[in-house]
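*Asks:* To start, I am sharing the structure in question, which I have written as structure tokens.
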Amino acid sequence: MMRIEHISILRQLVRWSIIVIPISIAIGSTVAFFLWILNLAIHYRFEHTYLLYLLPVAGLVIHLLYQSIGKSSERGNNLIMDEIHQPGGGVPKRMAPIVLFATVITHLFGGSAGREGTAVQIGGSIAQMFGKWFRLNQRDMSIVLTAGIAAGFGAVFGTPVAGAIFALEVLAIGKIKYDALLPCLIAGTVGDITVSAWKIHHTHYHIDAISPSGQTFWLSEYVSFDMLLLGKIIIASIAFGLASFMFAEMAHRIKAGMVGLVSKKWLIPMIGGCIIILLTRVTGKPDYLSLGVDPEYQGAVTIQSAFQSGGSDTWSWLWKTIYTTITLGTGFKGGEVTPLFYIGATLGNTLSELMNAPVGLFAALGFIAVFSGATNTPLACTLMGVELFGGEYTLYYAIACFTAYFFSGHSGIYSAQRIEVPKIFDSYFSSDTTLSESGKRRDDFLQYHISNFKKMVKKNK
């Protein structure tokens with residue numbers, strides 16, 4: 001019996017390798033092209049700063065593009081997640097080229113957005129196309145779409161293991177899709193290798209070594225870590241979780257608010273572009289435009305600069321939150337994750353100064369923890385910390401990511417994410433099935449208390 005079982009396992013391994021490897025090569029190659037052209041667009045804007053003033057026109061072009069040929073692709077990552085949960089209309093082939101073009105346009109003209117959303121949509125679109133060519137059934141198509149997410153994510157950030165776990169973990173809070181474990185690991189690895197083969201290089205980060213505090217206490221001989229530092233990390237991680245919550249809520253509310261207030265939908269991205277231009281004039285610097293990875297000028301606040309003392313302003317994290325939520329909430333395209341890295345790293349930099357903690361470590365913890373809270377993927381983000389920053393501080397990564405995950409509440413950037421196991425049982429939100437439902441319940445809860453407050457004020461008058 002054991003021999004028969006192992007032969008079956010081997011057959012499955014070979015089958016999924018044959019299916020997933022060509023898909024992942026195609027996804028990795030497309031992501032490599034995307035990263036290459038995106039880098040060209042960003043640096044072209046650095047040299048031609050006047051392009052920012054054309055951002056409203058770029059927003060209009062993106063709106064018209066989606067209204068004319070990309071309407072079925074407009075839900076982006078949420079469409080892919082819904083298709084995995086409950087197959088329906090499928091993921092359109094045109095999603096990949098449309099979102100790639102729209103994201104490059106967003107960055108070329110200074111919009112504050114990321115790139116993972118584009119990579120994931122490229123992955124989902126190509127995976128769906130190959131799945132139809134292979135004539136896969138619904139169950140296998142669901143697995144292939146999940147693997148497409150892993151390939152796109154692993155390729156765009158150079159984190160194959162985190163990409164695999166992210167794809168398995170992001171679909172539902174409290175549940176991991178283990179039936180896609182092997183395909184996702186293959187996809188994440190092959191996607192990353194393919195990008196490297198195309199000579200596309202990822203940003204490298206470094207955490208300076210932490211000097212021992214020299215303080216001792218009654219458990220010192222049994223504990224291998226600094227308890228005082230651990231306490232600071234827990235406090236900072238609560239702040240990281242709240243920052244995740246704020247980002248997700250602002251993104252959803254800005255989008256809903258603009259749709260409700262502006263009757264002519266083509267005006268929404270133009271208004272968003274004008275606001276970004278105005279904010280840039282107010283702040284007096286372009287640090288919060290685009291990805292925030294490469295510096296536009298010497299001394300600019302970037303993700304990398306946040307790992308050094310003095311490499312971030314006190315409110316850089318808040319400005320980036322405002323810029324990105326307005327950009328994405330008014331119809332520009334890209335992703336949220338790289339801006340979340342920026343927000344987390346700069347917030348970690350600020351908190352390290354306030355708490356007299358290691359700057360590099362706190363920037364790294366913020367980098368992964370704010371992402372964890374906004375996507376509800378603490379396992380993937382912990383592994384991302386290991387892949388990006390090394391395994392020396394794995395315990396701190398896990399504490400930061402899991403604390404932020406809980407304190408972000410039942411919120412997140414993906415409204416289609418299902419709630420299989422609530423973060424807190426017997427809470428007001430524990431019966432919700434998706435983050436979209438949780439958001440509606442939160443709005444009803446808020447409106448109820450606002451109404452009661454108004455009645456109380458009126459009565460007292």
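Residue numbering restarts at 1 in every chain; chains get A, B, ... in the order shown in the structure tokens, and ligands count up from 1 in that same order.
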Select from region 134-236 of chain A every residue with an atom at most 10 Å from any atom of region 345-356 of chain A, then for each give the shortest pair of atoms and their distance in Å to one decimal, using only C-alpha atoms, rows by chain and rising number, as CSV.
*Replies:*
residue,atom,partner,partner_atom,distance
A:Leu229,CA,A:Met355,CA,9.5
A:Lys232,CA,A:Met355,CA,7.0
A:Ile233,CA,A:Ser352,CA,9.4
A:Ile235,CA,A:Leu351,CA,9.5
A:Ala236,CA,A:Leu351,CA,6.8
*Asks:* Write out as JSON lines a residue-level contact list of region 15-97 of chain A versus region 143-150 of chain A with cut-off 9 Å: for each qualifying residue the closest pair of atoms and the distance in Å to one decimal, counting only C-alpha atoms, rows sorted by chain and residue number upward.
*Replies:*
{"residue": "A:Ile19", "atom": "CA", "partner": "A:Val144", "partner_atom": "CA", "distance": 8.4}
{"residue": "A:Val20", "atom": "CA", "partner": "A:Val144", "partner_atom": "CA", "distance": 7.3}
{"residue": "A:Ile23", "atom": "CA", "partner": "A:Gly148", "partner_atom": "CA", "distance": 7.6}
{"residue": "A:Ser24", "atom": "CA", "partner": "A:Gly148", "partner_atom": "CA", "distance": 7.1}
{"residue": "A:Ile27", "atom": "CA", "partner": "A:Gly148", "partner_atom": "CA", "distance": 7.5}
{"residue": "A:Ile80", "atom": "CA", "partner": "A:Leu145", "partner_atom": "CA", "distance": 7.5}
{"residue": "A:Met81", "atom": "CA", "partner": "A:Thr146", "partner_atom": "CA", "distance": 8.5}
{"residue": "A:Glu83", "atom": "CA", "partner": "A:Leu145", "partner_atom": "CA", "distance": 8.3}
{"residue": "A:Ile84", "atom": "CA", "partner": "A:Leu145", "partner_atom": "CA", "distance": 6.7}
*Asks:* Counting only C-alpha atoms, figure out which residue out of A:Gly90, A:Gly412, A:Pro183, A:Gly191 gets nearest to Ala243 (chain A).
*Replies:*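 Residue with the minimum atom-to-atom distance to Ala243 (chain A): A:Gly412.
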*Asks:* Nearest to Ile275 (chain A): which of A:Leu52, A:Ile4, A:Ile37, A:Ala248 is it, counting only C-alpha atoms?
*Replies:*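 Between A:Leu52, A:Ile4, A:Ile37, A:Ala248, the residue approaching Ile275 (chain A) most closely is A:Leu52.
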*Asks:* Hey, what's within 12 Å of Ile234 (chain A) if we count only C-alpha atoms and toss same-chain stuff fewer than 4 positions away? As a PyMOL selection string, please?
*Replies:* chain A and resi 227-230+238-241+351+355+362+365-366+369+395-404+406-407
*Asks:* When you draw a straight line from CA of Ile122 (chain A) to CA of Arg418 (chain A), how long is it in Å?
*Replies:*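 We find that CA of Ile122 (chain A) and CA of Arg418 (chain A) lie 22.0 Å from each other.
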*Asks:* Could you produce a table of the residues of region 313-365 of chain A lying within 10 Å of region 101-115 of chain A, with the nearest pair of atoms per residue and their separation in Å rounded to one decimal, using only C-alpha atoms, ordered by chain and increasing residue number, as a Markdown table?
*Replies:*
| residue | atom | partner | partner_atom | distance |
| --- | --- | --- | --- | --- |
| A:Lys320 | CA | A:Ser112 | CA | 7.8 |
| A:Thr321 | CA | A:Ser112 | CA | 9.3 |
| A:Ile322 | CA | A:Ser112 | CA | 9.4 |
| A:Tyr323 | CA | A:Ser112 | CA | 5.9 |
| A:Thr324 | CA | A:Ser112 | CA | 4.9 |
| A:Thr325 | CA | A:Ser112 | CA | 8.3 |
| A:Ile326 | CA | A:Ser112 | CA | 8.4 |
| A:Thr327 | CA | A:Ser112 | CA | 5.9 |
| A:Leu328 | CA | A:Ala113 | CA | 6.9 |
| A:Gly331 | CA | A:Thr106 | CA | 9.8 |
| A:Phe332 | CA | A:Thr106 | CA | 6.1 |
| A:Lys333 | CA | A:Thr103 | CA | 5.0 |
| A:Gly334 | CA | A:Thr103 | CA | 4.8 |
| A:Gly335 | CA | A:Gly114 | CA | 4.0 |
| A:Glu336 | CA | A:Gly114 | CA | 5.1 |
| A:Val337 | CA | A:Gly114 | CA | 5.9 |
| A:Thr338 | CA | A:Gly114 | CA | 4.9 |
| A:Pro339 | CA | A:Gly114 | CA | 5.8 |
| A:Leu340 | CA | A:Gly114 | CA | 8.6 |
| A:Phe341 | CA | A:Gly114 | CA | 9.6 |
